[in-house]
Structure formats: C-alpha cells, structure tokens
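Source file entry.tsv; content: TSV, N, CA and C atoms.
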```
chain	number	residue	atom	x	y	z
A	1	PRO	N	-52.16	-27.55	-31.55
A	1	PRO	CA	-52.25	-27.08	-30.19
A	1	PRO	C	-50.86	-27.03	-29.56
A	2	ARG	N	-50.61	-25.92	-28.84
A	2	ARG	CA	-49.32	-25.75	-28.18
A	2	ARG	C	-49.34	-26.43	-26.83
A	3	THR	N	-48.20	-26.98	-26.50
A	3	THR	CA	-48.09	-27.57	-25.17
A	3	THR	C	-47.73	-26.47	-24.19
A	4	PRO	N	-48.36	-26.46	-23.07
A	4	PRO	CA	-48.05	-25.42	-22.10
A	4	PRO	C	-46.63	-25.58	-21.56
A	5	GLY	N	-45.96	-24.49	-21.44
A	5	GLY	CA	-44.58	-24.50	-20.93
A	5	GLY	C	-44.29	-23.18	-20.27
A	6	PRO	N	-43.10	-23.02	-19.80
A	6	PRO	CA	-42.76	-21.75	-19.15
A	6	PRO	C	-42.78	-20.61	-20.16
A	7	ARG	N	-43.31	-19.51	-19.73
A	7	ARG	CA	-43.40	-18.36	-20.62
A	7	ARG	C	-42.05	-17.66	-20.67
A	8	PRO	N	-41.75	-16.98	-21.76
A	8	PRO	CA	-40.47	-16.28	-21.86
A	8	PRO	C	-40.30	-15.20	-20.79
A	9	GLN	N	-41.39	-14.59	-20.36
A	9	GLN	CA	-41.28	-13.56	-19.33
A	9	GLN	C	-40.78	-14.16	-18.02
A	10	PHE	N	-41.22	-15.36	-17.70
A	10	PHE	CA	-40.81	-16.02	-16.47
A	10	PHE	C	-39.31	-16.33	-16.51
A	11	ALA	N	-38.86	-16.85	-17.63
A	11	ALA	CA	-37.44	-17.17	-17.76
A	11	ALA	C	-36.59	-15.90	-17.67
A	12	ALA	N	-37.03	-14.82	-18.27
A	12	ALA	CA	-36.30	-13.56	-18.21
A	12	ALA	C	-36.29	-13.01	-16.79
A	13	ALA	N	-37.40	-13.15	-16.09
A	13	ALA	CA	-37.47	-12.66	-14.71
A	13	ALA	C	-36.53	-13.45	-13.80
A	14	VAL	N	-36.52	-14.75	-13.97
A	14	VAL	CA	-35.64	-15.59	-13.15
A	14	VAL	C	-34.18	-15.27	-13.44
A	15	SER	N	-33.81	-15.12	-14.71
A	15	SER	CA	-32.42	-14.81	-15.02
A	15	SER	C	-32.05	-13.41	-14.53
A	16	GLY	N	-32.98	-12.48	-14.55
A	16	GLY	CA	-32.73	-11.15	-14.01
A	16	GLY	C	-32.50	-11.17	-12.52
A	17	ILE	N	-33.27	-11.97	-11.81
A	17	ILE	CA	-33.10	-12.09	-10.36
A	17	ILE	C	-31.75	-12.75	-10.04
A	18	VAL	N	-31.40	-13.77	-10.80
A	18	VAL	CA	-30.11	-14.44	-10.58
A	18	VAL	C	-28.95	-13.47	-10.83
A	19	MET	N	-29.03	-12.68	-11.87
A	19	MET	CA	-27.96	-11.71	-12.16
A	19	MET	C	-27.90	-10.62	-11.09
A	20	ALA	N	-29.04	-10.20	-10.59
A	20	ALA	CA	-29.05	-9.18	-9.54
A	20	ALA	C	-28.43	-9.71	-8.26
A	21	VAL	N	-28.74	-10.95	-7.91
A	21	VAL	CA	-28.15	-11.56	-6.72
A	21	VAL	C	-26.64	-11.71	-6.90
A	22	ALA	N	-26.20	-12.11	-8.08
A	22	ALA	CA	-24.77	-12.24	-8.34
A	22	ALA	C	-24.07	-10.89	-8.21
A	23	ALA	N	-24.67	-9.84	-8.72
A	23	ALA	CA	-24.08	-8.50	-8.60
A	23	ALA	C	-24.00	-8.06	-7.14
A	24	LEU	N	-25.04	-8.33	-6.37
A	24	LEU	CA	-25.03	-7.97	-4.95
A	24	LEU	C	-23.96	-8.75	-4.18
A	25	VAL	N	-23.76	-10.01	-4.54
A	25	VAL	CA	-22.72	-10.81	-3.88
A	25	VAL	C	-21.34	-10.24	-4.19
A	26	ILE	N	-21.11	-9.82	-5.43
A	26	ILE	CA	-19.82	-9.24	-5.81
A	26	ILE	C	-19.58	-7.94	-5.05
A	27	VAL	N	-20.58	-7.09	-4.97
A	27	VAL	CA	-20.45	-5.82	-4.25
A	27	VAL	C	-20.21	-6.07	-2.77
A	28	ALA	N	-20.95	-6.99	-2.18
A	28	ALA	CA	-20.77	-7.30	-0.76
A	28	ALA	C	-19.38	-7.86	-0.50
A	29	ALA	N	-18.89	-8.70	-1.37
A	29	ALA	CA	-17.55	-9.27	-1.20
A	29	ALA	C	-16.48	-8.19	-1.29
A	30	THR	N	-16.65	-7.25	-2.22
A	30	THR	CA	-15.68	-6.17	-2.37
A	30	THR	C	-15.64	-5.30	-1.12
A	31	TYR	N	-16.79	-4.92	-0.61
A	31	TYR	CA	-16.81	-4.10	0.61
A	31	TYR	C	-16.29	-4.86	1.82
A	32	THR	N	-16.56	-6.16	1.88
A	32	THR	CA	-16.06	-6.97	2.98
A	32	THR	C	-14.54	-7.03	2.98
A	33	VAL	N	-13.96	-7.23	1.81
A	33	VAL	CA	-12.49	-7.27	1.70
A	33	VAL	C	-11.90	-5.93	2.10
A	34	GLN	N	-12.50	-4.84	1.64
A	34	GLN	CA	-11.99	-3.52	2.00
A	34	GLN	C	-12.14	-3.24	3.49
A	35	LEU	N	-13.19	-3.74	4.11
A	35	LEU	CA	-13.39	-3.53	5.54
A	35	LEU	C	-12.42	-4.38	6.36
A	36	VAL	N	-12.25	-5.64	5.97
A	36	VAL	CA	-11.38	-6.55	6.72
A	36	VAL	C	-9.92	-6.10	6.61
A	37	TYR	N	-9.50	-5.66	5.43
A	37	TYR	CA	-8.11	-5.26	5.22
A	37	TYR	C	-7.96	-3.75	5.15
A	38	LYS	N	-8.75	-3.05	5.97
A	38	LYS	CA	-8.71	-1.58	6.00
A	38	LYS	C	-7.34	-1.07	6.40
A	39	ASP	N	-6.68	-1.74	7.33
A	39	ASP	CA	-5.35	-1.31	7.75
A	39	ASP	C	-4.38	-1.30	6.58
A	40	TYR	N	-4.45	-2.33	5.74
A	40	TYR	CA	-3.57	-2.39	4.57
A	40	TYR	C	-3.87	-1.24	3.60
A	41	TYR	N	-5.13	-1.03	3.30
A	41	TYR	CA	-5.49	0.02	2.35
A	41	TYR	C	-5.14	1.40	2.89
A	42	ASP	N	-5.31	1.62	4.20
A	42	ASP	CA	-4.91	2.90	4.81
A	42	ASP	C	-3.40	3.08	4.74
A	43	CYS	N	-2.67	2.01	5.00
A	43	CYS	CA	-1.21	2.09	4.96
A	43	CYS	C	-0.74	2.44	3.55
A	44	VAL	N	-1.31	1.82	2.55
A	44	VAL	CA	-0.92	2.10	1.15
A	44	VAL	C	-1.26	3.53	0.78
A	45	SER	N	-2.41	4.01	1.17
A	45	SER	CA	-2.80	5.36	0.78
A	45	SER	C	-1.98	6.42	1.53
A	46	ASP	N	-1.49	6.08	2.73
A	46	ASP	CA	-0.70	7.03	3.51
A	46	ASP	C	0.79	6.99	3.19
A	47	SER	N	1.23	5.95	2.48
A	47	SER	CA	2.67	5.83	2.23
A	47	SER	C	3.10	6.84	1.17
A	48	LEU	N	4.27	7.40	1.39
A	48	LEU	CA	4.79	8.43	0.51
A	48	LEU	C	5.86	7.91	-0.45
A	49	THR	N	6.46	6.78	-0.13
A	49	THR	CA	7.52	6.24	-0.99
A	49	THR	C	7.18	4.80	-1.36
A	50	ALA	N	7.84	4.32	-2.41
A	50	ALA	CA	7.62	2.95	-2.85
A	50	ALA	C	8.05	1.92	-1.79
A	51	PRO	N	9.20	2.12	-1.12
A	51	PRO	CA	9.56	1.14	-0.08
A	51	PRO	C	8.55	1.09	1.07
A	52	SER	N	7.99	2.24	1.45
A	52	SER	CA	7.00	2.21	2.53
A	52	SER	C	5.71	1.55	2.06
A	53	ARG	N	5.40	1.69	0.79
A	53	ARG	CA	4.21	1.03	0.23
A	53	ARG	C	4.41	-0.48	0.21
A	54	GLU	N	5.63	-0.91	-0.11
A	54	GLU	CA	5.92	-2.35	-0.11
A	54	GLU	C	5.89	-2.92	1.30
A	55	ALA	N	6.26	-2.11	2.29
A	55	ALA	CA	6.24	-2.57	3.68
A	55	ALA	C	4.82	-2.82	4.17
A	56	CYS	N	3.85	-2.20	3.53
A	56	CYS	CA	2.45	-2.41	3.93
A	56	CYS	C	1.98	-3.83	3.67
A	57	GLU	N	2.68	-4.55	2.81
A	57	GLU	CA	2.26	-5.92	2.50
A	57	GLU	C	2.38	-6.84	3.71
A	58	ASP	N	3.12	-6.41	4.73
A	58	ASP	CA	3.21	-7.21	5.95
A	58	ASP	C	1.86	-7.30	6.66
A	59	LEU	N	0.96	-6.39	6.34
A	59	LEU	CA	-0.37	-6.39	6.95
A	59	LEU	C	-1.32	-7.39	6.30
A	60	LEU	N	-0.90	-7.95	5.16
A	60	LEU	CA	-1.73	-8.92	4.44
A	60	LEU	C	-1.31	-10.34	4.81
A	61	PRO	N	-2.24	-11.29	4.79
A	61	PRO	CA	-1.86	-12.68	4.95
A	61	PRO	C	-0.99	-13.12	3.77
A	62	GLU	N	-0.12	-14.08	4.02
A	62	GLU	CA	0.84	-14.54	3.01
A	62	GLU	C	0.14	-14.96	1.71
A	63	ARG	N	-1.00	-15.61	1.83
A	63	ARG	CA	-1.69	-16.14	0.64
A	63	ARG	C	-2.32	-15.05	-0.21
A	64	LEU	N	-2.62	-13.88	0.39
A	64	LEU	CA	-3.27	-12.81	-0.37
A	64	LEU	C	-2.28	-11.80	-0.95
A	65	ARG	N	-1.04	-11.89	-0.58
A	65	ARG	CA	-0.06	-10.91	-1.08
A	65	ARG	C	0.06	-10.89	-2.60
A	66	PRO	N	0.05	-12.04	-3.28
A	66	PRO	CA	0.10	-11.96	-4.76
A	66	PRO	C	-1.16	-11.36	-5.37
A	67	VAL	N	-2.29	-11.46	-4.68
A	67	VAL	CA	-3.56	-10.98	-5.22
A	67	VAL	C	-3.77	-9.49	-4.93
A	68	LEU	N	-3.64	-9.10	-3.66
A	68	LEU	CA	-3.93	-7.75	-3.25
A	68	LEU	C	-2.70	-6.85	-3.16
A	69	GLY	N	-1.53	-7.45	-3.07
A	69	GLY	CA	-0.31	-6.68	-2.88
A	69	GLY	C	0.10	-5.90	-4.13
A	70	GLU	N	1.16	-5.11	-3.96
A	70	GLU	CA	1.69	-4.33	-5.08
A	70	GLU	C	2.22	-5.26	-6.15
A	71	GLN	N	1.88	-4.98	-7.39
A	71	GLN	CA	2.37	-5.77	-8.51
A	71	GLN	C	3.71	-5.21	-8.95
A	72	GLU	N	4.72	-6.07	-9.05
A	72	GLU	CA	6.06	-5.59	-9.43
A	72	GLU	C	6.23	-5.57	-10.92
```
Would you kindly transcribe this structure into structure tokens?
Amino acid sequence: PRTPGPRPQFAAAVSGIVMAVAALVIVAATYTVQLVYKDYYDCVSDSLTAPSREACEDLLPERLRPVLGEQE
C-alpha cells in the first residue's frame, strides 16, 4: 500500500506559480527602474557624442553609476 503524499501535479503547479511570480517581479522591477530613471535614459538616447553621454551619469545616484552608467 502506498502512503498518501503530494501528487506530482500539485508540486509542478506550485513551482509554476512560483516561477510566474518571480518573472512578474523581474518585469515589474525593470519597468520601475526605467520609470524612476527616465531622465537618465532620455538623456542617453538624446546625446550625440560620447562626452555628452558620459555627462548623463550626473542624473544617476552615486551608488548606481557602476551598475547603470556607461561601461568604460
């Protein structure tokens, strides 16, 4: 006799829900960053030269410049 336990379908459903929530959190975080730092992204897209693109980093907080700023 088998002991009753969680069915494989239940485990797959739970892991699918967890992965879907994780994907939604990543998408929401990406859009939030783009919305909050819209001035920076607009400045970079409007800049015509490399020095003007580098000047856009002044719009970012000091801690985010290595992450979001131009990579040298």
If we count only C-alpha atoms, what is near range 49-59 of chain A at a cut-off of 9 Å, once residues fewer than 6 positions away on the same chain are taken out, given as an MDAnalysis selection string?
chainID A and resid 37 39:41 43 65 68:70
Between CA of Gln9 in chain A and atom C of Leu24 in chain A, what distance in Å does the model show, to one decimal?
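Interatomic distance here is 23.5 Å.
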Any idea what the distance is between CA of Val44 in chain A and CA of Arg63 in chain A?
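About the pair CA of Val44 in chain A and CA of Arg63 in chain A: they are 18.3 Å apart.
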Could you work out how far CA of Val18 in chain A lies from CA of Val36 in chain A, giving the answer in Å with one decimal?
26.7 Å
Please return the centre and edge lengths, in Å to one decimal, of a box with edges along x, y and z that contains all listed atoms of range 47-56 of chain A, widened by 5 Å on every side, as JSON.
```
{"center_x": 5.4, "center_y": 2.3, "center_z": 0.7, "size_x": 18.3, "size_y": 22.3, "size_z": 17.0}
```
Kindly reconstruct range 17-28 of chain A with all heavy atoms and present the result as an mmCIF file, keeping the file's coordinate frame.
```cif
data_model
loop_
_atom_site.group_PDB
_atom_site.id
_atom_site.type_symbol
_atom_site.label_atom_id
_atom_site.label_comp_id
_atom_site.auth_asym_id
_atom_site.auth_seq_id
_atom_site.Cartn_x
_atom_site.Cartn_y
_atom_site.Cartn_z
ATOM 1 N N ILE A 17 -33.270 -11.970 -11.810
ATOM 2 C CA ILE A 17 -33.100 -12.090 -10.360
ATOM 3 C C ILE A 17 -31.750 -12.750 -10.040
ATOM 4 O O ILE A 17 -31.029 -12.305 -9.139
ATOM 5 C CB ILE A 17 -34.266 -12.878 -9.737
ATOM 6 C CG1 ILE A 17 -35.540 -12.032 -9.796
ATOM 7 C CG2 ILE A 17 -33.953 -13.304 -8.309
ATOM 8 C CD1 ILE A 17 -36.796 -12.772 -9.405
ATOM 9 N N VAL A 18 -31.400 -13.770 -10.800
ATOM 10 C CA VAL A 18 -30.110 -14.440 -10.580
ATOM 11 C C VAL A 18 -28.950 -13.470 -10.830
ATOM 12 O O VAL A 18 -27.998 -13.418 -10.051
ATOM 13 C CB VAL A 18 -29.989 -15.688 -11.477
ATOM 14 C CG1 VAL A 18 -28.573 -16.244 -11.476
ATOM 15 C CG2 VAL A 18 -30.981 -16.746 -11.025
ATOM 16 N N MET A 19 -29.030 -12.680 -11.870
ATOM 17 C CA MET A 19 -27.960 -11.710 -12.160
ATOM 18 C C MET A 19 -27.900 -10.620 -11.090
ATOM 19 O O MET A 19 -26.806 -10.185 -10.715
ATOM 20 C CB MET A 19 -28.168 -11.085 -13.541
ATOM 21 C CG MET A 19 -28.014 -12.055 -14.691
ATOM 22 S SD MET A 19 -26.381 -12.796 -14.757
ATOM 23 C CE MET A 19 -25.425 -11.399 -15.254
ATOM 24 N N ALA A 20 -29.040 -10.200 -10.590
ATOM 25 C CA ALA A 20 -29.050 -9.180 -9.540
ATOM 26 C C ALA A 20 -28.430 -9.710 -8.260
ATOM 27 O O ALA A 20 -27.655 -9.023 -7.597
ATOM 28 C CB ALA A 20 -30.482 -8.707 -9.283
ATOM 29 N N VAL A 21 -28.740 -10.950 -7.910
ATOM 30 C CA VAL A 21 -28.150 -11.560 -6.720
ATOM 31 C C VAL A 21 -26.640 -11.710 -6.900
ATOM 32 O O VAL A 21 -25.860 -11.444 -5.975
ATOM 33 C CB VAL A 21 -28.821 -12.910 -6.405
ATOM 34 C CG1 VAL A 21 -28.045 -13.686 -5.364
ATOM 35 C CG2 VAL A 21 -30.253 -12.694 -5.953
ATOM 36 N N ALA A 22 -26.200 -12.110 -8.080
ATOM 37 C CA ALA A 22 -24.770 -12.240 -8.340
ATOM 38 C C ALA A 22 -24.070 -10.890 -8.210
ATOM 39 O O ALA A 22 -22.978 -10.791 -7.633
ATOM 40 C CB ALA A 22 -24.531 -12.833 -9.727
ATOM 41 N N ALA A 23 -24.670 -9.840 -8.720
ATOM 42 C CA ALA A 23 -24.080 -8.500 -8.600
ATOM 43 C C ALA A 23 -24.000 -8.060 -7.140
ATOM 44 O O ALA A 23 -22.994 -7.488 -6.717
ATOM 45 C CB ALA A 23 -24.894 -7.505 -9.418
ATOM 46 N N LEU A 24 -25.040 -8.330 -6.370
ATOM 47 C CA LEU A 24 -25.030 -7.970 -4.950
ATOM 48 C C LEU A 24 -23.960 -8.750 -4.180
ATOM 49 O O LEU A 24 -23.318 -8.215 -3.280
ATOM 50 C CB LEU A 24 -26.399 -8.201 -4.331
ATOM 51 C CG LEU A 24 -27.479 -7.212 -4.765
ATOM 52 C CD1 LEU A 24 -28.832 -7.631 -4.197
ATOM 53 C CD2 LEU A 24 -27.131 -5.811 -4.320
ATOM 54 N N VAL A 25 -23.760 -10.010 -4.540
ATOM 55 C CA VAL A 25 -22.720 -10.810 -3.880
ATOM 56 C C VAL A 25 -21.340 -10.240 -4.190
ATOM 57 O O VAL A 25 -20.486 -10.135 -3.297
ATOM 58 C CB VAL A 25 -22.821 -12.287 -4.319
ATOM 59 C CG1 VAL A 25 -21.583 -13.080 -3.930
ATOM 60 C CG2 VAL A 25 -24.062 -12.916 -3.721
ATOM 61 N N ILE A 26 -21.110 -9.820 -5.430
ATOM 62 C CA ILE A 26 -19.820 -9.240 -5.810
ATOM 63 C C ILE A 26 -19.580 -7.940 -5.050
ATOM 64 O O ILE A 26 -18.495 -7.697 -4.519
ATOM 65 C CB ILE A 26 -19.741 -9.035 -7.332
ATOM 66 C CG1 ILE A 26 -19.674 -10.388 -8.027
ATOM 67 C CG2 ILE A 26 -18.554 -8.170 -7.718
ATOM 68 C CD1 ILE A 26 -19.834 -10.317 -9.531
ATOM 69 N N VAL A 27 -20.580 -7.090 -4.970
ATOM 70 C CA VAL A 27 -20.450 -5.820 -4.250
ATOM 71 C C VAL A 27 -20.210 -6.070 -2.770
ATOM 72 O O VAL A 27 -19.337 -5.448 -2.155
ATOM 73 C CB VAL A 27 -21.708 -4.945 -4.475
ATOM 74 C CG1 VAL A 27 -21.723 -3.765 -3.531
ATOM 75 C CG2 VAL A 27 -21.767 -4.475 -5.912
ATOM 76 N N ALA A 28 -20.950 -6.990 -2.180
ATOM 77 C CA ALA A 28 -20.770 -7.300 -0.760
ATOM 78 C C ALA A 28 -19.380 -7.860 -0.500
ATOM 79 O O ALA A 28 -18.743 -7.502 0.507
ATOM 80 C CB ALA A 28 -21.844 -8.281 -0.302
#
```
